[in-house]
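Have a look at the structure below, then the notes.
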Amino acid sequence: AQSVTQLDSHVSVSEGTPVLLRCNYSSSYSPSLFWYVQHPNKGLQLLLKYTSAATLVKGINGFEAEFKKSETSFHLTKPSAHMSDAAEYFCVVRPLGTGGSYIPTFGRGTSLIVHP
Amino acid sequence: EAQVTQNPRYLITVTGKKLTVTCSQNMNHEYMSWYRQDPGLGLRQIYYSMNVEVTDKGDVPEGYKVSRKEKRNFPLILESPSPNQTSLYFCASSSQDRGVYGYTFGSGTRLTVV
């Protein structure tokens, strides 16, 4: 079994300040973890992924996330927010390397609001 | 360009009138899936398919049907739509990659049932 908890439904920051979007997971298997971004009226775009290699993962648009097994967390960060980062962000977990099991579990999403 | 194509993007229909939302991918992916997105509930899986002629129910399959006759196509069928199926729908695909790759999503279909 697996689950994902995004700890904040909304995060509000000022442009130029750091971003932290929190994600905790549980999984019976070694997990793959993903962050997706959804801009208004758009589909979901892959930001970054963790698949058992380096625990600090760098993604697109300056985002990165750190896999912390002891804390079962995969928080998404960015040093300096830009207005274009305003979007919905989803944390996703799925089993890694378990053959035919491709079923991902989505978090409920965190809405990032960026103020000028 | 590698992509998942959904059609239509927007659809308004009446209760009980059968409709089909198409989904096609050009990446030769084995895995395809349908999700609905509702405010506060995130994405919930409706149906998924591991390969041609192999489909299975997700978390919220009631009122939906799917088929996978060809690898590239995975249509979502609402035989008798109801207002509670008003939602934003996404199709996604993935390769048989044992978790290494992510999923590619379509742009979404916003369905309104009146």
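Identifiers in the structure tokens: chain A, B, ... in order shown; residue index from 1 per chain; ligand index from 1 in order shown.
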Long-range neighbours of Asp56 of chain B as an NGL selection string, 7 Å cut-off, only C-alpha atoms, 5 positions minimum in chain | :B and (47-49)
Just to be explicit: take each residue in the selection above, keep N, CA and C atoms, and write the result as a compact mmCIF listing (two decimals), in the first residue's frame.
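Result file follows (result_32.txt):
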```
# COMPACT_ATOMS: atom_id res chain seq x y z
N TYR B 47 -9.71 4.27 -14.65
CA TYR B 47 -9.33 2.99 -15.22
C TYR B 47 -7.88 3.08 -15.67
N TYR B 48 -7.24 1.94 -15.79
CA TYR B 48 -5.92 1.89 -16.36
C TYR B 48 -5.77 0.65 -17.22
N SER B 49 -4.71 0.66 -18.02
CA SER B 49 -4.45 -0.45 -18.92
C SER B 49 -2.95 -0.73 -18.95
```
Compile the residues of chain B that lie within 12 Å of chain A, evaluated using only C-alpha atoms, and express the compilation as a PyMOL selection string.
-> chain B and resi 3-6+9-10+30-51+54+56-59+88-110
Export C-alpha atoms of the chosen residues as a short mmCIF file (atom, residue, chain, number, x, y, z; two decimals), in the first residue's frame?
```cif
data_model
loop_
_atom_site.label_atom_id
_atom_site.label_comp_id
_atom_site.auth_asym_id
_atom_site.auth_seq_id
_atom_site.Cartn_x
_atom_site.Cartn_y
_atom_site.Cartn_z
CA GLN B 3 2.70 13.56 -26.64
CA VAL B 4 -0.65 12.37 -25.35
CA THR B 5 -3.56 13.83 -27.29
CA GLN B 6 -7.04 14.10 -25.82
CA ARG B 9 -10.76 19.80 -24.81
CA TYR B 10 -14.18 21.02 -23.74
CA GLU B 30 2.37 0.07 -22.63
CA TYR B 31 0.63 1.74 -19.70
CA MET B 32 -2.27 4.17 -20.11
CA SER B 33 -4.65 5.57 -17.58
CA TRP B 34 -7.59 7.91 -17.07
CA TYR B 35 -7.96 10.32 -14.15
CA ARG B 36 -10.55 12.80 -13.05
CA GLN B 37 -9.60 15.93 -11.18
CA ASP B 38 -12.01 17.60 -8.80
CA PRO B 39 -11.37 20.55 -6.46
CA GLY B 40 -9.91 19.42 -3.15
CA LEU B 41 -9.70 15.78 -4.21
CA GLY B 42 -6.61 15.80 -6.42
CA LEU B 43 -6.42 13.26 -9.22
CA ARG B 44 -8.33 10.03 -8.88
CA GLN B 45 -7.75 7.10 -11.17
CA ILE B 46 -10.74 5.84 -13.14
CA TYR B 47 -9.33 2.99 -15.22
CA TYR B 48 -5.92 1.89 -16.36
CA SER B 49 -4.45 -0.45 -18.92
CA MET B 50 -1.20 -2.37 -18.73
CA ASN B 51 -1.22 -3.22 -22.43
CA VAL B 54 -5.62 -5.53 -20.56
CA ASP B 56 -8.55 -2.74 -14.86
CA LYS B 57 -10.54 -0.53 -12.53
CA GLY B 58 -8.97 2.32 -10.65
CA ASP B 59 -10.39 4.07 -7.62
CA LEU B 88 -11.68 17.68 -15.59
CA TYR B 89 -10.37 14.47 -17.13
CA PHE B 90 -6.77 13.57 -17.92
CA CYS B 91 -5.29 10.72 -19.87
CA ALA B 92 -1.73 9.63 -19.08
CA SER B 93 0.74 7.10 -20.44
CA SER B 94 4.01 5.55 -19.31
CA SER B 95 6.51 3.04 -20.56
CA GLN B 96 7.04 -0.33 -18.92
CA ASP B 97 9.98 1.13 -17.08
CA ARG B 98 9.85 -0.34 -13.58
CA GLY B 99 9.40 3.09 -12.09
CA VAL B 100 12.23 4.99 -13.70
CA TYR B 101 10.23 7.27 -15.92
CA GLY B 102 7.32 9.45 -15.10
CA TYR B 103 4.02 9.82 -16.83
CA THR B 104 3.08 11.93 -19.80
CA PHE B 105 -0.27 13.64 -19.46
CA GLY B 106 -2.69 14.94 -22.01
CA SER B 107 -3.93 18.53 -21.82
CA GLY B 108 -7.22 17.55 -20.27
CA THR B 109 -10.91 17.43 -21.17
CA ARG B 110 -13.30 19.62 -19.25
#
```
Using only C-alpha atoms, find the one residue out of A:Val114, A:Phe67, A:Gly59, A:Ser3 that sits nearest to Ser27 of chain A.
-> A:Ser3
Which of chain B DSSP labels strand (DSSP E), written as JSON, numbers by chain | {"B": [4, 5, 6, 7, 10, 11, 12, 13, 19, 20, 21, 22, 23, 24, 25, 31, 32, 33, 34, 35, 36, 37, 38, 42, 43, 44, 45, 46, 47, 48, 49, 50, 51, 54, 55, 56, 57, 65, 66, 76, 77, 78, 87, 88, 89, 90, 91, 92, 93, 94, 104, 105, 109, 110, 111, 112, 113]}
Point out the residue among A:Ser111, A:Ser80, A:Thr5, A:Ser73 with the least atom-to-atom distance to Val19 of chain A, counting only C-alpha atoms.
->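 Distance minimum relative to Val19 of chain A lands on A:Ser80.
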Write out as a PyMOL selection string which residues come within 8 Å of Cys23 of chain A when counting only C-alpha atoms, dropping same-chain ones fewer than 6 positions away.
-> chain A and resi 4-7+73-76+91
Output for the residues just chosen: N, CA and C atoms as a compact mmCIF listing (two decimals), in the first residue's frame:
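Below is the file that was written, part_33.txt:
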```txt
# COMPACT_ATOMS: atom_id res chain seq x y z
N VAL A 4 0.20 9.37 -0.14
CA VAL A 4 0.93 10.63 -0.24
C VAL A 4 0.14 11.70 0.50
N THR A 5 0.83 12.49 1.31
CA THR A 5 0.20 13.60 2.00
C THR A 5 0.95 14.89 1.66
N GLN A 6 0.26 15.79 1.02
CA GLN A 6 0.81 17.13 0.81
C GLN A 6 0.31 17.98 1.96
N LEU A 7 1.22 18.48 2.73
CA LEU A 7 0.89 19.03 4.04
C LEU A 7 0.20 20.38 3.98
N SER A 73 9.98 11.79 3.52
CA SER A 73 9.58 13.06 2.93
C SER A 73 10.24 13.28 1.58
N PHE A 74 9.64 14.13 0.80
CA PHE A 74 10.16 14.50 -0.52
C PHE A 74 9.70 15.92 -0.81
N HIS A 75 10.22 16.86 -0.04
CA HIS A 75 9.80 18.25 -0.14
C HIS A 75 10.40 18.94 -1.36
N LEU A 76 9.62 19.80 -1.96
CA LEU A 76 10.03 20.54 -3.17
C LEU A 76 10.44 21.95 -2.77
N CYS A 91 2.48 15.93 -5.68
CA CYS A 91 3.48 14.94 -5.32
C CYS A 91 2.89 13.56 -5.63
```
List every residue of chain A that DSSP, applied to the backbone of this structure, assigns to helix (DSSP H, G or I), and report them as a ChimeraX atom specification.
-> /A:60-62,83-85
Tell me which protein, DNA and RNA residues are within 6 Å of Val114 of chain B, counting only C-alpha atoms, leaving out same-chain ones fewer than 5 positions away, and put them as a list in words.
->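 The neighbour list is Val14, Thr15 and Pro83 of chain B.
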Gap from atom CA of Asn73 of chain B to atom CA of Gln25 of chain B - Å, one decimal =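 These atoms are spaced 6.7 Å apart.
Here atom CA of Ser80 of chain B and atom CA of Lys18 of chain B stand 5.3 Å from one another.
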